[in-house]
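Worksheet: the structure to be examined is printed underneath.
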Amino acid sequence: MGVGFFGQVDSHFKLVHKVLCSLYKFWSFVVSSERIKAATFNEFGENVAACPFHSGSDNMRSWVQQDLLCSAGKREFRFGRYHVAVIQNGRDLAGELDSFRAAVHGHRRTGLLAILDDGGRAFANSTDELTALGVTLFEAGLCDDPARVVDGETIAIPIETVCPVLDRPVTFSFFPVAFCRNAGNEADELYDPSLSTPFTAINITSDAFAFALLVQDQARRLYKCAPHEIGSRERCEHLFETSIQTWNQMSANTITGYGKRSACPSRTVRLSEDGLSWYAPHNDPVFAERRKQMHSHEMPIIYCRRLCDTWLAALFDGGEAVIGREGQSGGIFVE
């Protein structure tokens, strides 16, 4: 039930709705120690799963609207394609990941944001947060050693689903990345605003899958059909080029936004002069690092074109539909 629906009901029902939401908020306060499962957010960042009558989450709304600078992330929140959950341990994370896999299969979700309920603890620094998140991954069975995972180990989570572009089964790699409260603190030794959030969390995404859904969205807008139904190589090439440019601009906007936010030049994300790569004080998409070092990464103008060439070959030349780690293949250390 959305806001449009409630705008059509009479004042009596509005009053009932208000009372029910108030009662629900009180009940939520009483049982606040219980885990919040599978919260999802609408285009305004409102938690539409928390209340059956559409109550909102002020903190999440504020973060999505004002402090989340990732253009792709904002887009997925706006489309309701983010799975958000509060977890207490790795067992919780494993359960949410199972739900997320099912949602990916149905093309309903592109990202999982697992927020760690720290039980009121105040982590002294990013290292303490990363340590807790590493243990959470270990408990979830996603890594063999919590120490290695916060020292640069990459975790690839394979999820097979029907490709939104090719309409055939493809395995996409999803990668968990740590986000920390203290990463936004200039005094923290792991200061990195691009990896900071007002909570300690694990963000699991696949750039390739999210881009594939963007291509599908663009195909429906331009040609009123799915990409694999277009039938014309020329039209597909136009669709792919339009999508590449859109995704690349979103990435450039994100990098520029976080670059302006940084108070430390050596920890600033930035674009290369030719616009073909971007620099960050971390290697993307490793889960976490307890040592900050600058790395160069490919921009979508490079990796998305390579991915689109693969799709064109699969659609028209009998090529294989192998996605790999496009978009999250790792960076190159810059001295």
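Chain lettering (A, B, ...) mirrors the order of the structure tokens, residue numbering begins at 1 for each chain separately, and ligand numbering begins at 1 in order of display.
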Spatial neighbours of A:Ser196, max dist 10 Å, only C-alpha atoms, sep filter under 2 positions, as a list in words: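 Counting only the stated atoms, we get Asp67, Leu68, Ser126, Ala178, Phe179, Cys180, Arg181, Asn182, Ala183, Gly184, Asn185, Tyr191, Asp192, Pro193, Ser194, Pro198, Phe199, Thr200 and Ala201 of chain A.
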Quick one: write out the picked residues with all heavy atoms as a tab-separated table (two decimals), in the first residue's frame?
```
chain	number	residue	atom	x	y	z
A	67	ASP	N	23.33	11.82	2.29
A	67	ASP	CA	24.71	11.40	2.50
A	67	ASP	C	25.17	10.26	1.62
A	67	ASP	O	26.36	10.01	1.50
A	67	ASP	CB	24.91	11.01	3.97
A	67	ASP	CG	24.74	12.20	4.91
A	67	ASP	OD1	25.18	13.29	4.52
A	67	ASP	OD2	24.18	12.05	6.00
A	68	LEU	N	24.23	9.52	1.02
A	68	LEU	CA	24.62	8.47	0.09
A	68	LEU	C	24.96	9.12	-1.25
A	68	LEU	O	24.08	9.63	-1.94
A	68	LEU	CB	23.49	7.45	-0.08
A	68	LEU	CG	23.74	6.35	-1.11
A	68	LEU	CD1	24.97	5.52	-0.73
A	68	LEU	CD2	22.51	5.46	-1.25
A	126	SER	N	37.96	2.19	13.05
A	126	SER	CA	37.56	1.36	11.92
A	126	SER	C	38.09	-0.06	12.03
A	126	SER	O	37.43	-1.02	11.64
A	126	SER	CB	38.05	1.98	10.61
A	126	SER	OG	37.39	3.19	10.32
A	178	ALA	N	33.09	-3.83	3.26
A	178	ALA	CA	32.82	-3.29	4.59
A	178	ALA	C	32.62	-1.78	4.55
A	178	ALA	O	33.35	-1.06	3.86
A	178	ALA	CB	33.97	-3.62	5.53
A	179	PHE	N	31.62	-1.32	5.30
A	179	PHE	CA	31.40	0.11	5.51
A	179	PHE	C	31.44	0.39	7.01
A	179	PHE	O	30.84	-0.35	7.80
A	179	PHE	CB	30.06	0.56	4.92
A	179	PHE	CG	30.07	0.64	3.43
A	179	PHE	CD1	29.78	-0.45	2.66
A	179	PHE	CD2	30.40	1.84	2.80
A	179	PHE	CE1	29.81	-0.38	1.27
A	179	PHE	CE2	30.43	1.93	1.42
A	179	PHE	CZ	30.13	0.82	0.65
A	180	CYS	N	32.13	1.47	7.40
A	180	CYS	CA	32.36	1.74	8.81
A	180	CYS	C	31.97	3.17	9.20
A	180	CYS	O	32.13	4.09	8.41
A	180	CYS	CB	33.83	1.52	9.17
A	180	CYS	SG	34.45	-0.13	8.82
A	181	ARG	N	31.51	3.31	10.44
A	181	ARG	CA	31.23	4.65	10.96
A	181	ARG	C	32.51	5.47	11.02
A	181	ARG	O	32.55	6.63	10.62
A	181	ARG	CB	30.65	4.55	12.38
A	181	ARG	CG	29.22	4.04	12.49
A	181	ARG	CD	28.73	4.28	13.91
A	181	ARG	NE	27.40	3.75	14.13
A	181	ARG	CZ	27.14	2.58	14.68
A	181	ARG	NH1	28.13	1.80	15.07
A	181	ARG	NH2	25.90	2.18	14.87
A	182	ASN	N	33.56	4.86	11.56
A	182	ASN	CA	34.79	5.60	11.81
A	182	ASN	C	35.56	5.94	10.54
A	182	ASN	O	36.50	6.74	10.58
A	182	ASN	CB	35.69	4.80	12.76
A	182	ASN	CG	35.17	4.83	14.19
A	182	ASN	OD1	35.25	5.85	14.87
A	182	ASN	ND2	34.62	3.72	14.65
A	183	ALA	N	35.17	5.35	9.41
A	183	ALA	CA	35.86	5.67	8.15
A	183	ALA	C	35.64	7.12	7.76
A	183	ALA	O	36.38	7.67	6.93
A	183	ALA	CB	35.38	4.75	7.05
A	184	GLY	N	34.65	7.79	8.34
A	184	GLY	CA	34.41	9.19	8.07
A	184	GLY	C	35.08	10.13	9.06
A	184	GLY	O	34.93	11.35	8.97
A	185	ASN	N	35.85	9.56	9.98
A	185	ASN	CA	36.54	10.34	11.01
A	185	ASN	C	37.97	10.65	10.55
A	185	ASN	O	38.77	9.74	10.35
A	185	ASN	CB	36.55	9.55	12.32
A	185	ASN	CG	37.28	10.29	13.44
A	185	ASN	OD1	37.72	11.43	13.27
A	185	ASN	ND2	37.42	9.64	14.58
A	191	TYR	N	40.84	6.35	7.63
A	191	TYR	CA	39.93	7.37	7.10
A	191	TYR	C	39.74	7.18	5.60
A	191	TYR	O	40.71	7.14	4.82
A	191	TYR	CB	40.50	8.75	7.38
A	191	TYR	CG	39.75	9.89	6.74
A	191	TYR	CD1	38.45	10.21	7.14
A	191	TYR	CD2	40.34	10.67	5.73
A	191	TYR	CE1	37.76	11.27	6.55
A	191	TYR	CE2	39.67	11.73	5.15
A	191	TYR	CZ	38.38	12.03	5.56
A	191	TYR	OH	37.70	13.08	4.98
A	192	ASP	N	38.49	7.03	5.18
A	192	ASP	CA	38.17	6.81	3.78
A	192	ASP	C	36.68	7.13	3.61
A	192	ASP	O	35.83	6.25	3.74
A	192	ASP	CB	38.46	5.36	3.38
A	192	ASP	CG	38.36	5.14	1.87
A	192	ASP	OD1	37.74	5.97	1.19
A	192	ASP	OD2	38.91	4.13	1.39
A	193	PRO	N	36.34	8.40	3.34
A	193	PRO	CA	34.93	8.81	3.29
A	193	PRO	C	34.07	8.00	2.32
A	193	PRO	O	32.87	7.83	2.54
A	193	PRO	CB	35.00	10.28	2.85
A	193	PRO	CG	36.36	10.73	3.26
A	193	PRO	CD	37.25	9.53	3.09
A	194	SER	N	34.67	7.47	1.26
A	194	SER	CA	33.90	6.71	0.28
A	194	SER	C	33.44	5.36	0.84
A	194	SER	O	32.59	4.70	0.24
A	194	SER	CB	34.71	6.50	-0.99
A	194	SER	OG	35.90	5.78	-0.74
A	198	PRO	N	26.77	5.89	8.42
A	198	PRO	CA	26.43	6.15	9.82
A	198	PRO	C	26.16	4.88	10.61
A	198	PRO	O	25.58	4.92	11.67
A	198	PRO	CB	25.17	7.03	9.72
A	198	PRO	CG	24.56	6.65	8.44
A	198	PRO	CD	25.69	6.34	7.51
A	199	PHE	N	26.58	3.73	10.05
A	199	PHE	CA	26.42	2.44	10.72
A	199	PHE	C	27.54	1.52	10.25
A	199	PHE	O	28.23	1.80	9.27
A	199	PHE	CB	25.05	1.83	10.40
A	199	PHE	CG	24.58	2.08	9.00
A	199	PHE	CD1	25.16	1.43	7.91
A	199	PHE	CD2	23.57	3.00	8.74
A	199	PHE	CE1	24.75	1.67	6.62
A	199	PHE	CE2	23.14	3.25	7.45
A	199	PHE	CZ	23.74	2.58	6.38
A	200	THR	N	27.74	0.44	10.98
A	200	THR	CA	28.72	-0.57	10.58
A	200	THR	C	27.99	-1.61	9.75
A	200	THR	O	27.00	-2.19	10.20
A	200	THR	CB	29.34	-1.23	11.83
A	200	THR	OG1	29.91	-0.22	12.67
A	200	THR	CG2	30.42	-2.22	11.45
A	201	ALA	N	28.46	-1.86	8.52
A	201	ALA	CA	27.65	-2.69	7.63
A	201	ALA	C	28.49	-3.44	6.60
A	201	ALA	O	29.65	-3.13	6.34
A	201	ALA	CB	26.62	-1.82	6.91
```
I'd like the contact shell of stretch 173-177 of chain A - 6 Å cut-off, only C-alpha atoms, skipping same-chain residues fewer than 4 positions apart - returned as a short mmCIF file (atom, residue, chain, number, x, y, z; two decimals) with N, CA, C and O atoms, in the first residue's frame.
```cif
data_model
loop_
_atom_site.label_atom_id
_atom_site.label_comp_id
_atom_site.auth_asym_id
_atom_site.auth_seq_id
_atom_site.Cartn_x
_atom_site.Cartn_y
_atom_site.Cartn_z
N ILE A 155 36.23 -11.70 -1.58
CA ILE A 155 35.23 -12.76 -1.48
C ILE A 155 34.24 -12.61 -2.63
O ILE A 155 33.58 -11.58 -2.76
N ALA A 156 34.16 -13.61 -3.48
CA ALA A 156 33.21 -13.61 -4.59
C ALA A 156 32.09 -14.59 -4.26
O ALA A 156 32.33 -15.75 -3.98
N ILE A 157 30.86 -14.09 -4.26
CA ILE A 157 29.69 -14.92 -3.98
C ILE A 157 28.96 -15.16 -5.30
O ILE A 157 28.34 -14.24 -5.85
N PRO A 158 29.03 -16.37 -5.86
CA PRO A 158 28.38 -16.63 -7.14
C PRO A 158 26.88 -16.81 -6.98
O PRO A 158 26.42 -17.53 -6.10
N ILE A 202 27.84 -4.44 6.02
CA ILE A 202 28.39 -5.19 4.89
C ILE A 202 27.49 -4.92 3.69
O ILE A 202 26.28 -5.13 3.75
N ASN A 203 28.10 -4.44 2.61
CA ASN A 203 27.35 -4.13 1.40
C ASN A 203 27.72 -5.14 0.32
O ASN A 203 28.88 -5.25 -0.06
N ILE A 204 26.74 -5.89 -0.17
CA ILE A 204 26.99 -6.96 -1.15
C ILE A 204 26.34 -6.58 -2.47
O ILE A 204 25.12 -6.42 -2.56
N THR A 205 27.16 -6.44 -3.51
CA THR A 205 26.65 -6.01 -4.81
C THR A 205 27.39 -6.70 -5.95
O THR A 205 28.46 -7.28 -5.77
N SER A 206 26.82 -6.58 -7.14
CA SER A 206 27.48 -6.99 -8.38
C SER A 206 27.30 -5.87 -9.39
O SER A 206 26.17 -5.59 -9.81
N PHE A 287 37.13 -6.99 0.45
CA PHE A 287 36.20 -6.71 1.55
C PHE A 287 36.69 -5.55 2.41
O PHE A 287 35.93 -4.62 2.71
#
```
Output as a Markdown table one row per residue of stretch 236-308 of chain A within 9 Å of stretch 212-230 of chain A: the closest atom pair and its distance in Å to one decimal place, counting only C-alpha atoms, sorted by chain and residue number ascending.
```
| residue | atom | partner | partner_atom | distance |
| --- | --- | --- | --- | --- |
| A:Cys236 | CA | A:Ile230 | CA | 6.9 |
| A:Leu239 | CA | A:Ala219 | CA | 6.6 |
| A:Phe240 | CA | A:Val215 | CA | 6.9 |
| A:Thr242 | CA | A:Gln218 | CA | 8.3 |
| A:Ser243 | CA | A:Val215 | CA | 5.8 |
| A:Ile244 | CA | A:Val215 | CA | 8.6 |
| A:Trp247 | CA | A:Leu214 | CA | 8.2 |
```
Residues within 7 Å of stretch 276-279 of chain A, only C-alpha atoms, excluding chain neighbours under 5 positions, as number ranges by chain: A: 269-271, 294-299, 301-302
Convert the current residue selection to file output with C-alpha atoms, as a PDB file, in the first residue's frame.
```
ATOM      1  CA  VAL A 269      38.954   9.276  -4.743  1.00  0.00           C
ATOM      2  CA  ARG A 270      39.348  10.928  -8.140  1.00  0.00           C
ATOM      3  CA  LEU A 271      39.088  10.426 -11.871  1.00  0.00           C
ATOM      4  CA  MET A 294      46.117   4.071  -3.653  1.00  0.00           C
ATOM      5  CA  HIS A 295      44.820   1.861  -6.468  1.00  0.00           C
ATOM      6  CA  SER A 296      43.718   2.530 -10.035  1.00  0.00           C
ATOM      7  CA  HIS A 297      40.469   0.972 -11.299  1.00  0.00           C
ATOM      8  CA  GLU A 298      38.710   0.773 -14.658  1.00  0.00           C
ATOM      9  CA  MET A 299      35.812   3.103 -15.372  1.00  0.00           C
ATOM     10  CA  ILE A 301      33.521   3.205 -20.224  1.00  0.00           C
ATOM     11  CA  ILE A 302      36.078   0.361 -20.320  1.00  0.00           C
TER      12      ILE A 302
END
```
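Minimum atom-to-atom distances from A:Ala263, A:Leu195, A:Leu190, A:Ala314 to A:Lys292 were compared using only C-alpha atoms, and the lowest value belongs to A:Leu190.
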Between atom CA of A:Ala321 and atom CA of A:Pro169, distance in Å (one decimal):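 Value for the atom CA of A:Ala321-atom CA of A:Pro169 distance: 8.4 Å.
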All alpha helix (DSSP H) residues (DSSP, backbone) inside stretch 148-297 of chain A, as an MDAnalysis selection string: chainID A and resid 148:149 207:223 233:261
Closest of A:Ala210, A:Leu130, A:Cys304, A:Ile115 to A:Glu289 - atom-to-atom distances counting only C-alpha atoms: A:Leu130
From A:Val149, A:Ala280, A:Leu112, A:Ala132, residue lying nearest A:Gly331 [only C-alpha atoms]: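 Closest residue, counting only C-alpha atoms: A:Ala280.
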Straight-line distance linking atom CA of A:Asp207 with atom CA of A:Arg267, stated in Å to one decimal: 23.0 Å
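Taking atom CA of A:Ile332 as the reference point, atom CA of A:Thr197 is found at 25.3 Å.
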Test item: residues at most 12 Å from A:Glu320, only C-alpha atoms, excluding those fewer than 5 positions along its chain, as an MDAnalysis selection string: chainID A and resid 166 168:170 307 309:315
Those residues you just picked out, can you put them in a file as a compact mmCIF listing (two decimals), in the first residue's frame with all heavy atoms?
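Saved file selection33.txt follows:
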```
# COMPACT_ATOMS: atom_id res chain seq x y z
N LEU A 166 20.43 -11.31 -21.76
CA LEU A 166 20.48 -12.45 -22.66
C LEU A 166 19.30 -13.41 -22.52
O LEU A 166 19.07 -14.24 -23.40
CB LEU A 166 21.78 -13.23 -22.44
CG LEU A 166 23.08 -12.46 -22.61
CD1 LEU A 166 24.27 -13.36 -22.30
CD2 LEU A 166 23.19 -11.90 -24.02
N ARG A 168 19.11 -15.94 -20.52
CA ARG A 168 19.61 -17.30 -20.33
C ARG A 168 20.39 -17.35 -19.03
O ARG A 168 20.87 -16.31 -18.54
CB ARG A 168 20.48 -17.74 -21.50
CG ARG A 168 21.78 -16.95 -21.64
CD ARG A 168 22.57 -17.33 -22.88
NE ARG A 168 21.96 -16.79 -24.10
CZ ARG A 168 22.56 -16.81 -25.29
NH1 ARG A 168 23.76 -17.38 -25.42
NH2 ARG A 168 21.97 -16.27 -26.34
N PRO A 169 20.52 -18.53 -18.40
CA PRO A 169 21.21 -18.62 -17.11
C PRO A 169 22.66 -18.15 -17.19
O PRO A 169 23.41 -18.56 -18.09
CB PRO A 169 21.12 -20.11 -16.77
CG PRO A 169 19.94 -20.61 -17.53
CD PRO A 169 19.95 -19.83 -18.82
N VAL A 170 23.03 -17.29 -16.26
CA VAL A 170 24.39 -16.77 -16.17
C VAL A 170 24.75 -16.67 -14.69
O VAL A 170 23.89 -16.39 -13.85
CB VAL A 170 24.49 -15.36 -16.82
CG1 VAL A 170 25.80 -14.68 -16.46
CG2 VAL A 170 24.37 -15.47 -18.34
N LEU A 307 31.89 -5.85 -21.47
CA LEU A 307 30.75 -6.68 -21.13
C LEU A 307 29.71 -6.67 -22.25
O LEU A 307 29.15 -7.72 -22.60
CB LEU A 307 30.14 -6.17 -19.82
CG LEU A 307 28.95 -6.93 -19.23
CD1 LEU A 307 29.29 -8.40 -19.03
CD2 LEU A 307 28.54 -6.31 -17.91
N ASP A 309 30.28 -6.17 -25.41
CA ASP A 309 30.82 -6.96 -26.53
C ASP A 309 30.54 -8.44 -26.31
O ASP A 309 30.22 -9.17 -27.27
CB ASP A 309 32.33 -6.73 -26.67
CG ASP A 309 32.66 -5.36 -27.26
OD1 ASP A 309 31.74 -4.72 -27.82
OD2 ASP A 309 33.82 -4.92 -27.11
N THR A 310 30.63 -8.89 -25.07
CA THR A 310 30.32 -10.28 -24.73
C THR A 310 28.85 -10.57 -25.00
O THR A 310 28.50 -11.62 -25.57
CB THR A 310 30.64 -10.56 -23.26
OG1 THR A 310 32.04 -10.37 -23.03
CG2 THR A 310 30.26 -11.99 -22.87
N TRP A 311 27.99 -9.64 -24.62
CA TRP A 311 26.55 -9.83 -24.84
C TRP A 311 26.22 -9.83 -26.34
O TRP A 311 25.40 -10.64 -26.79
CB TRP A 311 25.77 -8.73 -24.13
CG TRP A 311 25.73 -8.90 -22.64
CD1 TRP A 311 25.86 -10.06 -21.94
CD2 TRP A 311 25.52 -7.87 -21.67
NE1 TRP A 311 25.76 -9.82 -20.59
CE2 TRP A 311 25.55 -8.49 -20.40
CE3 TRP A 311 25.33 -6.49 -21.74
CZ2 TRP A 311 25.38 -7.77 -19.22
CZ3 TRP A 311 25.16 -5.78 -20.56
CH2 TRP A 311 25.19 -6.41 -19.31
N LEU A 312 26.83 -8.94 -27.10
CA LEU A 312 26.58 -8.90 -28.54
C LEU A 312 26.99 -10.22 -29.19
O LEU A 312 26.27 -10.76 -30.05
CB LEU A 312 27.34 -7.75 -29.19
CG LEU A 312 26.74 -6.35 -29.05
CD1 LEU A 312 27.72 -5.30 -29.57
CD2 LEU A 312 25.41 -6.25 -29.80
N ALA A 313 28.14 -10.73 -28.80
CA ALA A 313 28.62 -11.99 -29.36
C ALA A 313 27.68 -13.14 -29.00
O ALA A 313 27.42 -14.03 -29.81
CB ALA A 313 30.03 -12.28 -28.85
N ALA A 314 27.16 -13.11 -27.76
CA ALA A 314 26.24 -14.17 -27.33
C ALA A 314 24.90 -14.07 -28.05
O ALA A 314 24.29 -15.10 -28.39
CB ALA A 314 26.03 -14.08 -25.82
N LEU A 315 24.46 -12.85 -28.32
CA LEU A 315 23.15 -12.66 -28.97
C LEU A 315 23.18 -12.91 -30.46
O LEU A 315 22.20 -13.44 -31.03
CB LEU A 315 22.66 -11.22 -28.71
CG LEU A 315 22.17 -10.89 -27.30
CD1 LEU A 315 21.95 -9.39 -27.16
CD2 LEU A 315 20.87 -11.65 -26.99
```
Counting only C-alpha atoms, the option among A:Glu153, A:Asp118, A:Glu186, A:Glu241 closest to A:Arg306: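 With only C-alpha atoms as the atom set, the closest residue is A:Glu241.
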Residue set, stretch 93-188 of chain A restricted to strand (DSSP E or B), as a ChimeraX atom specification: /A:111-116,157-162,169-180
Let me see the file: selected residues, N, CA, C and O atoms, as a compact mmCIF listing (two decimals), in the first residue's frame.
```txt
# COMPACT_ATOMS: atom_id res chain seq x y z
N GLY A 111 21.20 -5.40 -4.51
CA GLY A 111 22.16 -5.22 -3.44
C GLY A 111 21.61 -5.62 -2.09
O GLY A 111 20.40 -5.56 -1.86
N LEU A 112 22.50 -6.08 -1.23
CA LEU A 112 22.15 -6.44 0.15
C LEU A 112 22.99 -5.58 1.09
O LEU A 112 24.22 -5.62 1.06
N LEU A 113 22.33 -4.78 1.91
CA LEU A 113 23.00 -3.97 2.92
C LEU A 113 22.67 -4.58 4.27
O LEU A 113 21.54 -4.48 4.76
N ALA A 114 23.66 -5.25 4.87
CA ALA A 114 23.49 -5.91 6.17
C ALA A 114 24.11 -5.03 7.24
O ALA A 114 25.34 -4.92 7.34
N ILE A 115 23.27 -4.40 8.05
CA ILE A 115 23.72 -3.47 9.08
C ILE A 115 23.92 -4.24 10.38
O ILE A 115 23.01 -4.91 10.87
N LEU A 116 25.12 -4.14 10.95
CA LEU A 116 25.45 -4.88 12.16
C LEU A 116 24.86 -4.20 13.39
O LEU A 116 25.16 -3.03 13.67
N ILE A 157 30.86 -14.09 -4.26
CA ILE A 157 29.69 -14.92 -3.98
C ILE A 157 28.96 -15.16 -5.30
O ILE A 157 28.34 -14.24 -5.85
N PRO A 158 29.03 -16.37 -5.86
CA PRO A 158 28.38 -16.63 -7.14
C PRO A 158 26.88 -16.81 -6.98
O PRO A 158 26.42 -17.53 -6.10
N ILE A 159 26.12 -16.14 -7.82
CA ILE A 159 24.67 -16.30 -7.84
C ILE A 159 24.23 -16.49 -9.29
O ILE A 159 24.43 -15.61 -10.12
N GLU A 160 23.65 -17.64 -9.56
CA GLU A 160 23.17 -17.91 -10.92
C GLU A 160 21.74 -17.42 -11.07
O GLU A 160 20.89 -17.65 -10.21
N THR A 161 21.49 -16.71 -12.15
CA THR A 161 20.15 -16.22 -12.45
C THR A 161 20.04 -16.04 -13.95
O THR A 161 21.04 -16.09 -14.67
N VAL A 162 18.84 -15.84 -14.43
CA VAL A 162 18.65 -15.56 -15.85
C VAL A 162 19.16 -14.15 -16.12
O VAL A 162 18.75 -13.19 -15.46
N PRO A 169 20.52 -18.53 -18.40
CA PRO A 169 21.21 -18.62 -17.11
C PRO A 169 22.66 -18.15 -17.19
O PRO A 169 23.41 -18.56 -18.09
N VAL A 170 23.03 -17.29 -16.26
CA VAL A 170 24.39 -16.77 -16.17
C VAL A 170 24.75 -16.67 -14.69
O VAL A 170 23.89 -16.39 -13.85
N THR A 171 26.00 -16.89 -14.36
CA THR A 171 26.46 -16.73 -12.99
C THR A 171 27.11 -15.36 -12.82
O THR A 171 28.10 -15.04 -13.50
N PHE A 172 26.54 -14.54 -11.94
CA PHE A 172 27.10 -13.24 -11.60
C PHE A 172 27.84 -13.35 -10.28
O PHE A 172 27.41 -14.06 -9.37
N SER A 173 28.94 -12.63 -10.16
CA SER A 173 29.70 -12.60 -8.91
C SER A 173 29.29 -11.37 -8.10
O SER A 173 29.33 -10.25 -8.61
N PHE A 174 28.91 -11.62 -6.85
CA PHE A 174 28.57 -10.54 -5.92
C PHE A 174 29.68 -10.45 -4.87
O PHE A 174 30.21 -11.47 -4.41
N PHE A 175 30.00 -9.22 -4.48
CA PHE A 175 31.14 -8.99 -3.59
C PHE A 175 30.73 -8.21 -2.35
O PHE A 175 30.11 -7.15 -2.46
N PRO A 176 31.07 -8.73 -1.16
CA PRO A 176 30.82 -7.97 0.07
C PRO A 176 31.94 -6.97 0.33
O PRO A 176 33.12 -7.28 0.17
N VAL A 177 31.56 -5.76 0.73
CA VAL A 177 32.52 -4.70 1.06
C VAL A 177 32.11 -4.10 2.40
O VAL A 177 30.92 -3.90 2.66
N ALA A 178 33.09 -3.83 3.26
CA ALA A 178 32.82 -3.29 4.59
C ALA A 178 32.62 -1.78 4.55
O ALA A 178 33.35 -1.06 3.86
N PHE A 179 31.62 -1.32 5.30
CA PHE A 179 31.40 0.11 5.51
C PHE A 179 31.44 0.39 7.01
O PHE A 179 30.84 -0.35 7.80
N CYS A 180 32.13 1.47 7.40
CA CYS A 180 32.36 1.74 8.81
C CYS A 180 31.97 3.17 9.20
O CYS A 180 32.13 4.09 8.41
```
I want to know what sits within 12 Å of A:Gly106, based on only C-alpha atoms, with residues of the same chain fewer than 2 positions away left out; could you give that as an mmCIF file with C-alpha atoms, in the first residue's frame?
```cif
data_model
loop_
_atom_site.group_PDB
_atom_site.id
_atom_site.type_symbol
_atom_site.label_atom_id
_atom_site.label_comp_id
_atom_site.auth_asym_id
_atom_site.auth_seq_id
_atom_site.Cartn_x
_atom_site.Cartn_y
_atom_site.Cartn_z
ATOM 1 C CA ARG A 81 15.846 -3.033 -5.427
ATOM 2 C CA SER A 99 16.627 -14.423 0.929
ATOM 3 C CA PHE A 100 18.729 -12.099 -1.209
ATOM 4 C CA ARG A 101 19.685 -14.918 -3.602
ATOM 5 C CA ALA A 102 16.013 -15.699 -4.143
ATOM 6 C CA ALA A 103 15.308 -12.017 -4.838
ATOM 7 C CA VAL A 104 18.198 -11.842 -7.325
ATOM 8 C CA ARG A 108 13.794 -7.974 -7.546
ATOM 9 C CA ARG A 109 17.028 -6.996 -5.761
ATOM 10 C CA THR A 110 20.523 -5.935 -6.795
ATOM 11 C CA ILE A 159 24.667 -16.297 -7.838
ATOM 12 C CA GLU A 160 23.170 -17.906 -10.920
ATOM 13 C CA THR A 161 20.154 -16.225 -12.445
ATOM 14 C CA VAL A 162 18.651 -15.558 -15.849
ATOM 15 C CA CYS A 163 20.645 -12.702 -17.382
ATOM 16 C CA PRO A 164 18.413 -9.610 -17.819
ATOM 17 C CA LEU A 213 19.282 -4.479 -15.134
#
```
Residue nearest A:Val165 - candidates A:Val286, A:Ala208, A:Leu137, A:Met250, atoms counted: only C-alpha atoms: A:Ala208
